[in-house]
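In what follows, a single structure is set out as structure tokens and then discussed.
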Amino acid sequence: TPTTVLFATQFTITAVATFGSGAQETGTANVTLAIAASLPSAPAAASGTVATGATTTASIAITAPTSTGGTTIDRYNVTVTPVNAGVAVNTTTTTTSAAITGLQPGTQYTASVTATNSAGTGSSVTTSTFITNPAISPSVATATGAVNTAITPITTTLSAEAGSTATYALTGTLPAGLTFDTATGTISGIPTAVTASATYTITATVDIAGVTKTASTTVSLGVTYSVPTAPAAASGN
């Protein structure tokens, strides 16, 4: 069973015949032999990982095939596909590591990997599921309210696959009169006192297919004076 490629090579086979009289005769024949590459086997293994805080990128680690088909592997072909809805991302790499970009935040993925040599592309191996980190963004990054005037609610938008659930937490003490909704991540209310601008961190704890991940964003918020109301009464003499 050949294990490596061989370009067309001529071999000479020599036979020596010895007769009963002791006389010998020699004969030769030329044989040309070539061994072509075959398709590589599937990569032995592949796995996907997501760095802390990464929302749209992942890394795929590849273990080389047990059989390269008798020649070098030219490239690995990687297709990363959402488990649910979404668009697949394709890339190639000449090493056993692939950097994937353009993924969706808070989404389950699997990756299918094949190896290609001069004979073509072999069968695939599929990673177990990995999940990108979710992302949240506020409706405004900076806001200034006025005493005794309702602020425009500051809402958050969660980026994660359909079916994900989240609860929210706020770091910092809001100006008097404002409240934070832990179910929606919304700041609202009527401020009652002037307050210097401060930065507040909103953190979402997100359940994606039974896996808990977090995402954070910040909002700068302060309260200034408002125009006074009209005098309660006035009289003249």
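If you're wondering about the labels, chains in the structure tokens are A, B, ... by order shown, residues count from 1 in each chain, ligands from 1 in order shown.
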
Neighbouring residues of stretch 20-33 of chain A were defined as those with any atom within 8 Å, considering only C-alpha atoms; residues of the same chain fewer than 3 positions away were excluded. Please report them as an MDAnalysis selection string. chainID A and resid 6:17

Looking only at the backbone, which of the residues in stretch 15-228 of chain A does DSSP tag as strand (DSSP E), as a CSV table (one decimal) with C-alpha atoms, in the first residue's frame?
chain,number,residue,atom,x,y,z
A,15,ALA,CA,16.6,-11.3,-13.8
A,16,VAL,CA,19.5,-13.8,-13.8
A,17,ALA,CA,18.7,-17.4,-14.9
A,18,THR,CA,21.1,-20.2,-14.0
A,24,GLN,CA,23.7,-18.0,-16.7
A,25,GLU,CA,21.7,-15.6,-18.8
A,26,THR,CA,20.6,-12.1,-17.8
A,27,GLY,CA,17.5,-10.3,-18.9
A,28,THR,CA,16.2,-6.8,-18.1
A,29,ALA,CA,12.9,-5.0,-18.3
A,30,ASN,CA,12.0,-1.4,-17.7
A,31,VAL,CA,8.9,-0.4,-15.8
A,32,THR,CA,7.6,3.1,-15.3
A,33,LEU,CA,5.6,3.6,-12.1
A,34,ALA,CA,3.7,6.6,-10.8
A,35,ILE,CA,1.6,7.0,-7.6
A,43,PRO,CA,-9.4,16.4,10.0
A,44,ALA,CA,-9.0,14.3,13.1
A,45,ALA,CA,-10.8,16.9,15.2
A,46,ALA,CA,-11.9,20.6,15.3
A,47,SER,CA,-13.1,22.9,18.0
A,48,GLY,CA,-14.5,26.4,18.3
A,49,THR,CA,-13.7,28.9,21.0
A,58,ALA,CA,-14.3,33.1,17.1
A,59,SER,CA,-11.3,30.8,16.6
A,60,ILE,CA,-11.3,27.3,15.1
A,61,ALA,CA,-8.6,24.8,16.1
A,62,ILE,CA,-8.0,22.0,13.7
A,63,THR,CA,-6.2,18.7,14.2
A,64,ALA,CA,-4.6,17.5,11.0
A,65,PRO,CA,-6.1,14.4,9.1
A,75,ARG,CA,-5.5,24.4,2.9
A,76,TYR,CA,-8.4,23.8,5.3
A,77,ASN,CA,-11.9,25.0,4.4
A,78,VAL,CA,-14.0,26.2,7.3
A,79,THR,CA,-17.8,26.9,7.2
A,80,VAL,CA,-19.3,28.3,10.4
A,81,THR,CA,-23.1,28.0,10.5
A,82,PRO,CA,-25.7,29.3,13.0
A,89,VAL,CA,-19.4,32.4,7.2
A,90,ASN,CA,-16.7,30.7,5.1
A,91,THR,CA,-13.0,31.0,5.3
A,92,THR,CA,-9.8,29.1,4.4
A,93,THR,CA,-6.5,28.7,6.2
A,97,SER,CA,-6.0,27.6,13.2
A,98,ALA,CA,-8.7,29.8,11.6
A,99,ALA,CA,-9.8,33.2,12.8
A,100,ILE,CA,-13.5,33.8,12.0
A,108,GLN,CA,-24.9,29.4,18.7
A,109,TYR,CA,-22.6,28.1,15.9
A,110,THR,CA,-21.0,24.9,14.7
A,111,ALA,CA,-18.1,24.7,12.3
A,112,SER,CA,-17.5,22.2,9.5
A,113,VAL,CA,-13.9,21.7,8.4
A,114,THR,CA,-12.4,19.9,5.4
A,115,ALA,CA,-8.8,19.5,4.1
A,116,THR,CA,-7.7,20.0,0.5
A,117,ASN,CA,-4.7,18.6,-1.2
A,120,GLY,CA,-9.1,17.5,-4.1
A,121,THR,CA,-11.1,18.0,-0.9
A,125,VAL,CA,-15.5,17.0,10.6
A,126,THR,CA,-17.9,19.2,12.7
A,130,PHE,CA,-20.0,27.2,20.6
A,131,ILE,CA,-21.7,30.6,21.4
A,135,ALA,CA,-24.0,42.7,23.1
A,136,ILE,CA,-26.1,45.5,24.5
A,137,SER,CA,-26.3,49.1,23.5
A,138,PRO,CA,-28.2,52.1,25.1
A,142,THR,CA,-25.1,60.6,27.3
A,143,ALA,CA,-28.2,62.3,28.7
A,144,THR,CA,-29.0,65.3,30.9
A,145,GLY,CA,-32.3,65.6,32.6
A,146,ALA,CA,-34.0,68.6,34.3
A,156,THR,CA,-31.1,49.1,26.0
A,157,THR,CA,-31.1,46.9,22.9
A,158,LEU,CA,-29.9,43.3,23.4
A,159,SER,CA,-28.2,41.5,20.5
A,165,THR,CA,-33.7,35.8,27.9
A,166,ALA,CA,-32.0,38.5,30.0
A,167,THR,CA,-32.1,40.3,33.3
A,168,TYR,CA,-30.3,43.6,33.9
A,169,ALA,CA,-28.4,45.2,36.7
A,170,LEU,CA,-27.1,48.8,37.2
A,171,THR,CA,-23.9,49.8,38.8
A,178,LEU,CA,-35.1,58.0,38.6
A,179,THR,CA,-35.5,54.2,38.6
A,180,PHE,CA,-34.0,51.3,36.8
A,181,ASP,CA,-36.0,48.3,35.5
A,186,THR,CA,-34.6,50.9,31.1
A,187,ILE,CA,-33.8,54.1,33.1
A,188,SER,CA,-36.8,56.4,33.6
A,189,GLY,CA,-38.6,58.8,35.9
A,195,THR,CA,-27.0,65.9,40.2
A,196,ALA,CA,-23.6,66.0,38.6
A,197,SER,CA,-23.1,63.9,35.5
A,198,ALA,CA,-21.9,60.3,36.3
A,199,THR,CA,-21.3,57.1,34.4
A,200,TYR,CA,-23.5,54.1,35.1
A,201,THR,CA,-22.8,50.6,33.9
A,202,ILE,CA,-25.7,48.4,32.7
A,203,THR,CA,-25.0,44.7,32.7
A,204,ALA,CA,-27.2,42.1,31.0
A,205,THR,CA,-27.1,38.5,32.2
A,206,VAL,CA,-28.3,36.5,29.2
A,207,ASP,CA,-29.4,32.9,28.9
A,208,ILE,CA,-28.7,31.5,25.4
A,211,VAL,CA,-25.7,28.9,28.7
A,212,THR,CA,-25.2,32.1,30.7
A,213,LYS,CA,-23.2,35.0,29.3
A,214,THR,CA,-23.0,38.6,30.1
A,215,ALA,CA,-22.7,41.9,28.3
A,216,SER,CA,-22.2,45.5,29.5
A,217,THR,CA,-22.6,49.1,28.3
A,218,THR,CA,-22.3,52.5,30.0
A,219,VAL,CA,-24.5,55.6,30.1
A,220,SER,CA,-23.5,59.1,31.3
A,221,LEU,CA,-26.4,60.8,33.1
A,222,GLY,CA,-26.8,64.1,35.0
A,223,VAL,CA,-29.6,66.4,36.2
A,224,THR,CA,-29.6,70.2,35.8

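The spacing separating atom CA of A:Ala183 from atom CA of A:Gly106 amounts to 18.2 Å.
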
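Among the candidates A:Ala54, A:Ala160, A:Ile73, A:Leu103, the one nearest to A:Val87 when counting only C-alpha atoms is A:Leu103.
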